[in-house]
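Here the structure is laid out as structure tokens; the discussion comes afterwards.
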Amino acid sequence: MMQSVWPENNWPLSRINWKSKGMVKLLTSHFDEPKLHELETYRRLGGYEGLKKALAMGREPLMAEMDKSNLRGLGGAGFGAAMKWRTVTPEAKDPGPRFVVVNCDESEPGCFKDRVLVTRSPHQLIEGLLIAAYAIDARRTFIFIRGEYEVQHRILRQALDEARAAGLIGKSLFDSGFSCDIDLMRGAGAYISGLDTALLETMEGKKAWPRQPPPFPTASGLMGRPTLVHNVETLSMVPHIVLQGGEWFARLGTAKSGGTVLFSVSGHVERPGVYEFPMGAPLKDIIAAAGGVKAGKKLKAVIPGGVSTPVLTAEELDTPMDFEGPRAKGSFLGAGGVIVLDESADMVMVAHNIERFLAHESCGQCTPCRQGSFWHERILERGLNGGGTAEDIATLERAGENITGKVICALGDTVGVVTRALMKKFPQDFNDRFPQRHG
Amino acid sequence: MTGSRNAMDKTLRFTLDGRPIEARLGETVLEAATRAGVMIPHYCWHQALGNPGNCRMCIVEVEGAPKPQVSCRLPAREGLVVRSASPAARRAQCSALEFHLVDHPLDCPVCDQSGECGLQDYYMDIGRYKSAMREDKAHAGKRLALGPHIMLDQERCIMCTRCTRFVGQVSKSHELGIFGRGHRQAVDLVPGRALDNPYSGNLADICPVGALTDRDFRFQVRVWYLDSTESICPGCSRGCNIFVHTSTRRPWQNQGRRLARLKPRFSPEVNGHWICDEGRYGFLDFDSKRLGKVMRLKPVSEELPWDRAAQEVAAALRRKPVEGLAVAASGALSNEDWLAFKELFVDTLQARRFLFAPEPDQAGTEDQLLRRREKTPNLEGGKALGFGTKIESMGWDALARDIEAGKVWGLYVIDRDPAQAWGDRSRELLERLDLLIYQGPRQCLAGELAHYRLPATAWLEEEGHFTNFQGKVQGYRSALQPLGAAKPDWAIFADLERRFKP
């Protein structure tokens, strides 16, 4: 009997809310099973059947199912998964190894769905990873897990050991002739490593400075080889697509975003947790699933996809939460980190909190982000300390505009966007902190 | 790396600021623009160090692109329409500059880079905004001596990473790294290392701001008081192309020295963008121990006019059979000097004993990048005239034996120091000679013991040509006035030769 990797009080499970009425369960379908993280349980519930089926059906039919599924990259960018798989330079054009890397460096404040997925159902991820590896013919794959995810690292390691012992990782899986190994790597605590190209740099032992595509990782990724980088949640969807079919999966969601998505709901709600919804569910349903605003207070604002995404107001709760819905409101689905703010929230404080985080986590490679984020932090801090003037609002506006679109990566873009969105939607909060001063 | 990209024959055309630009296949817009003489502001891109694209200064507008692009990472394409000076492009460049200056200390009055600083230049060209920065500036390390030649000021650094790329790609010595993250990050030494590679001085050149400055040049002269002259480094047989920066108009600066510094001059075939520290710092004592008077020292010490001295020297050279006359020269002579040297000593006097080979051998001081084992600039020029092919060089040891055996009565030394080869024995050997003539720019033991001492100009005070080890003939210009009565070597030889003609 393998020794349990769970802490004695089972806290990773007991602390996470995930059940709610009206939920569609796909990734979370067997979360009721107490030992879902063990191979035996997972297989008893039909685990690794997707891998078996994928290996039996062959690469092209598998890709066809993926095409039909409308699965989007759930790490935040929302790039079509099938499209990404197809852009990986084929062996014929570029002979040599190719890799799949799982991005489990979940660091976006407000997002914790990957943590839950890895804690509860590590084999679901492993299965999805192996199917993706088969699709692009990658013999070596990596799971890059955030350094702070200590328990999750142990869970994944045990899951990998179990799978390897059972012959699910290694030589000729299900006698298909396809062999694949999975390595587990731990991060060292940098937010920027969650960005695919910075993650690849980290894995190569370098400073986590994002690369500037082109070339994209699918052409030149890890060690300069074609590499598929995917978020945990995206790959966890793959076995379900294989088993139930791409069309079925696409029908769960909206026209352009297939399937379901996990929302990490936090902030001023009664039951913060991870809730699974079909793509396109209205934002208010998601908040309701988490028990609504805490202590019956009035909702003021919602950050829909983690702190990098521009804020939505209480009037925008009808926004359908797929990749297109928030975009129409000037925001993004991001990685589904819904942060609910009630009437007590001071938006200058929120902006300062986020900019301080971004300044702390800016990789420092390009100047507008490195200097701009710190500048934002200091101006907002002065505002909080009572030294703000109306000119500061103009400076923030101008500096923000000058950062966004002129930097290397998405973190830099965020620096300019977040505060400007807060200023635009909650001008009163900012005018209070940065008043017109006379004389 | 963009610098090493092979130049391809295929060219393509794009439009930059309304003007057609020709680019080679594979070139970026910034490279093509620079070649065509259009300056797009940039810090991180360097022709030899690649284009990380992190300074965001070279941002331009591209027709049809949704966002502005950095031109250092924008491949030139046929028909591309780029605007680098439009209001929107200038605004973007100006804002990048503003971010660079947010935490810059703006200590130009005490900064050595002042006058040749990228921040100052671009502020005047495209900046001129009113600062909105009201916060306290962030502080970091100042006056960090990285090695024997380079001083680091982390506050002035703009993180262009040219220096870390230089120690990674060019010197391959990897002493520098970027430590920390975000606005707290800084360039610093790798723990346990010192910046002491043989090319460290180049870091002060490539640093576009005042973060890396030259310890030797610090606080000596304001750069706008310097004169610049194109020259060739005489430090070894490579003949690196350099600029000589001299300070003559303000003698109270630079501790009275006329030569302020040497800087590399781009030459794709010879030295690329770099020079070595040996060359850069090897000549800064240029004005020490200089000779300016034409002297007869023995038997009666007397300062002579050139004409009289030449007459006496010519007579002395003829006094005994020429078999006993030895001539010691070196590869420091220019091609012009070598010709006059040959006409005097070979054609006219028909001397037999020559010493021009380098001694001692400088094995181990060469490398794959620039430095050559042969430490004089122009042995190759002598070779073209037969020195080293038809005419062989004797060694110092052989010369010493011949002097002791009484076979050599006279020695004409041109800018060489026998004491370097002979050590303790030199005084005794030199005093045995009936005639010792020393010709050169600097005092040395031979100059002290000579019968006649003829002051010659040093390399920076004359024009001439060196032929480098590749056989490339390169000219250097006169950067300074000769001191005292000093004349170029060729002029002295020609003057003497005239005395032997009927």
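As shown in the structure tokens, the chain order sets the letters A, B, ...; within each chain, residues go from 1, and ligands are also counted from 1 in the order they appear.
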
Quick one: everything within 6 Å of range 375-388 of chain A, counting only C-alpha atoms, minus sequence neighbours fewer than 4 positions away in the same chain. Send it as a CSV table (one decimal) with C-alpha atoms, in the first residue's frame.
```csv
chain,number,residue,atom,x,y,z
A,352,HIS,CA,-2.1,50.0,-5.8
A,355,GLU,CA,0.5,47.5,-9.5
A,356,ARG,CA,2.6,46.7,-6.4
A,433,ARG,CA,-7.7,60.3,-3.7
A,434,PHE,CA,-6.2,62.6,-6.3
```

Practice problem: Apply DSSP to the backbone of this structure and, from range 67-177 of chain A, keep only the residues in strand (DSSP E); write these as a list in words. | Solution: Phe99, Val100, Val101, Val102, Asn103, Cys104, Arg140, Thr141, Phe142, Ile143, Phe144 and Ile145 of chain A

Quiz prompt | Contact residues around Tyr476 in chain B with only C-alpha atoms at 7 Å, ignoring same-chain residues under 6 positions, as number ranges by chain | solution = B: 230-232, 463-465

Any chance you could export the current selection's N, CA and C atoms as a PDB file, in the first residue's frame?
```pdb
ATOM      1  N   GLU B 230      41.926  59.955 -36.327  1.00  0.00           N
ATOM      2  CA  GLU B 230      41.938  58.558 -36.752  1.00  0.00           C
ATOM      3  C   GLU B 230      43.362  58.035 -36.715  1.00  0.00           C
ATOM      4  N   SER B 231      43.516  56.864 -36.135  1.00  0.00           N
ATOM      5  CA  SER B 231      44.870  56.344 -36.010  1.00  0.00           C
ATOM      6  C   SER B 231      44.839  54.821 -36.020  1.00  0.00           C
ATOM      7  N   ILE B 232      46.031  54.240 -35.859  1.00  0.00           N
ATOM      8  CA  ILE B 232      46.180  52.792 -35.814  1.00  0.00           C
ATOM      9  C   ILE B 232      46.916  52.460 -34.525  1.00  0.00           C
ATOM     10  N   GLU B 463      52.634  61.360 -39.328  1.00  0.00           N
ATOM     11  CA  GLU B 463      51.752  60.585 -40.188  1.00  0.00           C
ATOM     12  C   GLU B 463      52.520  59.402 -40.730  1.00  0.00           C
ATOM     13  N   GLY B 464      51.835  58.361 -41.085  1.00  0.00           N
ATOM     14  CA  GLY B 464      52.549  57.237 -41.665  1.00  0.00           C
ATOM     15  C   GLY B 464      51.615  56.089 -41.949  1.00  0.00           C
ATOM     16  N   HIS B 465      52.223  54.968 -42.285  1.00  0.00           N
ATOM     17  CA  HIS B 465      51.444  53.769 -42.588  1.00  0.00           C
ATOM     18  C   HIS B 465      52.067  52.571 -41.924  1.00  0.00           C
TER      19      HIS B 465
END
```

Compile the contact shell of Met185 in chain A as a compact mmCIF listing (two decimals) with N, CA and C atoms, in the first residue's frame: residues with an atom at most 9 Å away, counting only C-alpha atoms, same-chain residues fewer than 6 positions apart removed.
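To be explicit, this is the file written out as result-v7.txt:
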```txt
# COMPACT_ATOMS: atom_id res chain seq x y z
N PHE A 142 7.05 17.46 -20.13
CA PHE A 142 7.42 18.03 -18.84
C PHE A 142 6.20 18.66 -18.18
N ILE A 143 6.14 18.49 -16.88
CA ILE A 143 5.16 19.26 -16.12
C ILE A 143 5.95 20.24 -15.27
N PHE A 144 5.74 21.52 -15.52
CA PHE A 144 6.44 22.56 -14.76
C PHE A 144 5.48 23.08 -13.71
N ILE A 145 5.78 22.77 -12.47
CA ILE A 145 4.85 23.15 -11.41
C ILE A 145 5.44 24.24 -10.55
N ARG A 146 4.59 25.14 -10.17
CA ARG A 146 4.96 26.27 -9.34
C ARG A 146 5.65 25.78 -8.06
N GLY A 147 6.74 26.41 -7.69
CA GLY A 147 7.52 25.99 -6.53
C GLY A 147 6.73 25.99 -5.24
N HIS A 153 2.92 19.15 -5.76
CA HIS A 153 4.10 18.53 -6.34
C HIS A 153 4.20 17.08 -5.88
N MET A 203 13.05 26.71 -17.69
CA MET A 203 13.35 25.28 -17.78
C MET A 203 14.75 25.05 -18.34
```

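We find CA of Phe332 in chain A and CA of Pro304 in chain A to be spaced 7.0 Å apart.
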
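Between chain B and the residues A:Glu91, A:Glu401, A:Glu49, A:Asp161, the shortest atom-to-atom distance, using only C-alpha atoms, involves A:Glu401.
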
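Closest approach to Val242 in chain A among A:Ala135, A:Met423, A:Val415, A:Val407 is made by A:Ala135 (distances from only C-alpha atoms).
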
Exercise. For Val223 in chain B, list every protein, DNA or RNA residue within 12 Å, evaluated using only C-alpha atoms, and leave out those in the same chain fewer than 2 positions away; present the list as JSON, numbers by chain.
Key: {"B": [111, 112, 113, 114, 115, 116, 117, 217, 218, 219, 220, 221, 225, 226, 227, 228, 245, 246, 247, 250, 253, 254, 260, 261]}

Range 249-354 of chain B: which residues are helix (DSSP H, G or I) by DSSP, as an mmCIF file with N, CA and C atoms, in the first residue's frame?
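New file result.cif:
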```cif
data_model
loop_
_atom_site.group_PDB
_atom_site.id
_atom_site.type_symbol
_atom_site.label_atom_id
_atom_site.label_comp_id
_atom_site.auth_asym_id
_atom_site.auth_seq_id
_atom_site.Cartn_x
_atom_site.Cartn_y
_atom_site.Cartn_z
ATOM 1 N N ASN B 254 43.267 66.596 -17.255
ATOM 2 C CA ASN B 254 43.885 65.316 -17.597
ATOM 3 C C ASN B 254 45.304 65.208 -17.039
ATOM 4 N N GLN B 255 45.540 65.821 -15.895
ATOM 5 C CA GLN B 255 46.849 65.804 -15.231
ATOM 6 C C GLN B 255 47.959 66.230 -16.180
ATOM 7 N N GLY B 256 47.638 67.120 -17.086
ATOM 8 C CA GLY B 256 48.652 67.641 -17.988
ATOM 9 C C GLY B 256 48.994 66.733 -19.146
ATOM 10 N N ASP B 277 42.677 45.706 -24.021
ATOM 11 C CA ASP B 277 43.093 46.613 -22.951
ATOM 12 C C ASP B 277 44.570 46.958 -23.045
ATOM 13 N N GLU B 278 45.398 46.009 -23.509
ATOM 14 C CA GLU B 278 46.829 46.279 -23.666
ATOM 15 C C GLU B 278 47.041 47.501 -24.547
ATOM 16 N N GLY B 279 46.334 47.540 -25.662
ATOM 17 C CA GLY B 279 46.457 48.664 -26.577
ATOM 18 C C GLY B 279 45.829 49.912 -25.993
ATOM 19 N N ARG B 280 44.646 49.756 -25.430
ATOM 20 C CA ARG B 280 43.895 50.903 -24.949
ATOM 21 C C ARG B 280 44.624 51.639 -23.829
ATOM 22 N N TYR B 281 45.204 50.863 -22.920
ATOM 23 C CA TYR B 281 45.826 51.512 -21.758
ATOM 24 C C TYR B 281 47.353 51.510 -21.840
ATOM 25 N N GLY B 282 47.905 50.891 -22.900
ATOM 26 C CA GLY B 282 49.355 50.736 -22.978
ATOM 27 C C GLY B 282 50.102 51.998 -23.368
ATOM 28 N N TRP B 306 70.118 70.684 -35.442
ATOM 29 C CA TRP B 306 69.999 69.454 -36.230
ATOM 30 C C TRP B 306 71.110 69.322 -37.278
ATOM 31 N N ASP B 307 71.345 70.422 -37.961
ATOM 32 C CA ASP B 307 72.282 70.362 -39.063
ATOM 33 C C ASP B 307 73.666 69.924 -38.586
ATOM 34 N N ARG B 308 74.113 70.513 -37.500
ATOM 35 C CA ARG B 308 75.432 70.210 -36.940
ATOM 36 C C ARG B 308 75.463 68.772 -36.448
ATOM 37 N N ALA B 309 74.396 68.358 -35.780
ATOM 38 C CA ALA B 309 74.326 66.991 -35.237
ATOM 39 C C ALA B 309 74.376 65.974 -36.366
ATOM 40 N N ALA B 310 73.634 66.235 -37.419
ATOM 41 C CA ALA B 310 73.607 65.300 -38.547
ATOM 42 C C ALA B 310 74.991 65.198 -39.175
ATOM 43 N N GLN B 311 75.627 66.331 -39.287
ATOM 44 C CA GLN B 311 76.980 66.361 -39.852
ATOM 45 C C GLN B 311 77.926 65.504 -39.011
ATOM 46 N N GLU B 312 77.882 65.695 -37.693
ATOM 47 C CA GLU B 312 78.787 64.975 -36.794
ATOM 48 C C GLU B 312 78.487 63.485 -36.791
ATOM 49 N N VAL B 313 77.176 63.146 -36.766
ATOM 50 C CA VAL B 313 76.785 61.733 -36.751
ATOM 51 C C VAL B 313 77.236 61.054 -38.038
ATOM 52 N N ALA B 314 77.027 61.727 -39.181
ATOM 53 C CA ALA B 314 77.423 61.153 -40.463
ATOM 54 C C ALA B 314 78.924 60.898 -40.479
ATOM 55 N N ALA B 315 79.683 61.843 -39.941
ATOM 56 C CA ALA B 315 81.131 61.675 -39.899
ATOM 57 C C ALA B 315 81.511 60.505 -38.990
ATOM 58 N N ALA B 316 80.851 60.417 -37.843
ATOM 59 C CA ALA B 316 81.175 59.360 -36.880
ATOM 60 C C ALA B 316 80.872 57.978 -37.445
ATOM 61 N N LEU B 317 79.786 57.887 -38.234
ATOM 62 C CA LEU B 317 79.396 56.598 -38.790
ATOM 63 C C LEU B 317 80.440 56.087 -39.794
ATOM 64 N N VAL B 322 82.537 49.634 -41.896
ATOM 65 C CA VAL B 322 81.102 49.465 -41.678
ATOM 66 C C VAL B 322 80.763 48.066 -41.161
ATOM 67 N N GLU B 323 81.666 47.082 -41.338
ATOM 68 C CA GLU B 323 81.437 45.738 -40.798
ATOM 69 C C GLU B 323 81.196 45.780 -39.285
ATOM 70 N N GLY B 324 81.792 46.746 -38.620
ATOM 71 C CA GLY B 324 81.679 46.811 -37.157
ATOM 72 C C GLY B 324 80.524 47.676 -36.682
ATOM 73 N N ASN B 335 56.036 52.450 -42.552
ATOM 74 C CA ASN B 335 56.534 52.082 -43.881
ATOM 75 C C ASN B 335 57.471 53.152 -44.432
ATOM 76 N N GLU B 336 57.112 54.430 -44.202
ATOM 77 C CA GLU B 336 57.940 55.548 -44.663
ATOM 78 C C GLU B 336 59.306 55.500 -43.987
ATOM 79 N N ASP B 337 59.294 55.207 -42.659
ATOM 80 C CA ASP B 337 60.543 55.107 -41.914
ATOM 81 C C ASP B 337 61.405 53.976 -42.461
ATOM 82 N N TRP B 338 60.741 52.833 -42.701
ATOM 83 C CA TRP B 338 61.495 51.660 -43.174
ATOM 84 C C TRP B 338 62.210 51.971 -44.487
ATOM 85 N N LEU B 339 61.535 52.711 -45.379
ATOM 86 C CA LEU B 339 62.137 53.003 -46.675
ATOM 87 C C LEU B 339 63.378 53.882 -46.507
ATOM 88 N N ALA B 340 63.224 54.951 -45.708
ATOM 89 C CA ALA B 340 64.364 55.835 -45.473
ATOM 90 C C ALA B 340 65.472 55.081 -44.732
ATOM 91 N N PHE B 341 65.082 54.203 -43.836
ATOM 92 C CA PHE B 341 66.022 53.375 -43.075
ATOM 93 C C PHE B 341 66.839 52.514 -44.031
ATOM 94 N N LYS B 342 66.124 51.895 -44.974
ATOM 95 C CA LYS B 342 66.799 51.013 -45.928
ATOM 96 C C LYS B 342 67.752 51.821 -46.820
ATOM 97 N N GLU B 343 67.269 52.985 -47.285
ATOM 98 C CA GLU B 343 68.110 53.790 -48.171
ATOM 99 C C GLU B 343 69.371 54.246 -47.462
ATOM 100 N N LEU B 344 69.247 54.555 -46.154
ATOM 101 C CA LEU B 344 70.419 55.012 -45.410
ATOM 102 C C LEU B 344 71.361 53.852 -45.093
ATOM 103 N N PHE B 345 70.823 52.851 -44.420
ATOM 104 C CA PHE B 345 71.728 51.840 -43.857
ATOM 105 C C PHE B 345 72.091 50.728 -44.836
ATOM 106 N N VAL B 346 71.180 50.364 -45.713
ATOM 107 C CA VAL B 346 71.471 49.263 -46.633
ATOM 108 C C VAL B 346 72.088 49.784 -47.924
ATOM 109 N N ASP B 347 71.360 50.737 -48.564
ATOM 110 C CA ASP B 347 71.811 51.173 -49.886
ATOM 111 C C ASP B 347 73.045 52.066 -49.806
ATOM 112 N N THR B 348 73.050 53.015 -48.874
ATOM 113 C CA THR B 348 74.140 53.987 -48.845
ATOM 114 C C THR B 348 75.320 53.492 -48.001
#
```

Practice problem: Could the residues of chain A within 7 Å of chain B, counting only C-alpha atoms, be given as a count of residues only, please? | Solution: 19

Quiz item: Got a sec: who's within 8 Å of range 274-291 of chain A, counting only C-alpha atoms, leaving out chain neighbours fewer than 5 positions off, as a VMD selection string?
Solution: chain A and resid 16 to 21 23 to 28 112 to 113 116 252 to 254 257 to 265 269 317 to 322 325 340

Would you mind exporting the chosen residues as a PDB file, in the first residue's frame, restricted to C-alpha atoms?
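What ended up in again.pdb:
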```pdb
ATOM      1  CA  ILE A  16     -11.901  24.033  -1.384  1.00  0.00           C
ATOM      2  CA  ASN A  17     -15.517  24.705  -2.221  1.00  0.00           C
ATOM      3  CA  TRP A  18     -16.467  23.316  -5.569  1.00  0.00           C
ATOM      4  CA  LYS A  19     -20.037  22.023  -5.377  1.00  0.00           C
ATOM      5  CA  SER A  20     -22.929  24.178  -6.430  1.00  0.00           C
ATOM      6  CA  LYS A  21     -26.350  23.748  -7.966  1.00  0.00           C
ATOM      7  CA  MET A  23     -23.064  23.065 -12.394  1.00  0.00           C
ATOM      8  CA  VAL A  24     -22.060  21.033 -15.419  1.00  0.00           C
ATOM      9  CA  LYS A  25     -19.425  18.581 -14.306  1.00  0.00           C
ATOM     10  CA  LEU A  26     -16.690  17.571 -16.641  1.00  0.00           C
ATOM     11  CA  LEU A  27     -13.331  18.108 -15.046  1.00  0.00           C
ATOM     12  CA  THR A  28     -14.902  18.027 -11.621  1.00  0.00           C
ATOM     13  CA  PHE A 112      -6.337  28.568  -8.155  1.00  0.00           C
ATOM     14  CA  LYS A 113      -8.131  26.122 -10.447  1.00  0.00           C
ATOM     15  CA  VAL A 116      -7.462  22.087  -7.414  1.00  0.00           C
ATOM     16  CA  LEU A 252     -21.399  22.394 -24.144  1.00  0.00           C
ATOM     17  CA  GLY A 253     -20.035  25.861 -24.780  1.00  0.00           C
ATOM     18  CA  THR A 254     -20.640  28.771 -27.100  1.00  0.00           C
ATOM     19  CA  SER A 257     -15.443  28.499 -27.088  1.00  0.00           C
ATOM     20  CA  GLY A 258     -16.176  24.824 -26.543  1.00  0.00           C
ATOM     21  CA  GLY A 259     -16.720  22.875 -23.345  1.00  0.00           C
ATOM     22  CA  THR A 260     -16.618  24.060 -19.794  1.00  0.00           C
ATOM     23  CA  VAL A 261     -14.313  26.257 -17.792  1.00  0.00           C
ATOM     24  CA  LEU A 262     -13.318  26.388 -14.155  1.00  0.00           C
ATOM     25  CA  PHE A 263     -13.788  29.663 -12.339  1.00  0.00           C
ATOM     26  CA  SER A 264     -11.774  30.415  -9.252  1.00  0.00           C
ATOM     27  CA  VAL A 265     -14.092  32.695  -7.330  1.00  0.00           C
ATOM     28  CA  VAL A 269     -18.295  36.114  -1.632  1.00  0.00           C
ATOM     29  CA  LEU A 317     -22.946  41.083 -14.536  1.00  0.00           C
ATOM     30  CA  ASP A 318     -24.802  39.743 -17.548  1.00  0.00           C
ATOM     31  CA  THR A 319     -21.533  39.319 -19.401  1.00  0.00           C
ATOM     32  CA  PRO A 320     -21.372  35.806 -20.808  1.00  0.00           C
ATOM     33  CA  MET A 321     -18.163  34.249 -19.575  1.00  0.00           C
ATOM     34  CA  ASP A 322     -16.492  32.802 -22.621  1.00  0.00           C
ATOM     35  CA  GLY A 325     -18.072  37.958 -23.774  1.00  0.00           C
ATOM     36  CA  VAL A 340     -15.575  39.951  -6.384  1.00  0.00           C
TER      37      VAL A 340
END
```

Exercise. Could you please determine the separation between CA of Arg90 in chain B and CA of Ser71 in chain B in Å, to one decimal place?
Key: 13.1 Å

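Our summary of the geometry notes that CA of Ala165 in chain A is positioned 13.4 Å from CA of His123 in chain A.
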
Self-check item: Residue contacts of Asp181 in chain A (10 Å, only C-alpha atoms) excluding same-chain residues fewer than 6 positions away, as a PyMOL selection string
Solution: chain A and resi 130+133+138-142+160+164+168-171

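In terms of minimum interatomic distance to Asp153 in chain B, B:Asp214 ranks closest within B:Asp214, B:Asp17, B:Glu269, B:Asp402, counting only C-alpha atoms.
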
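With distances restricted to only C-alpha atoms, A:Tyr42 is the closest residue to His30 in chain A from A:Lys207, A:Thr197, A:Tyr42, A:Ser220.
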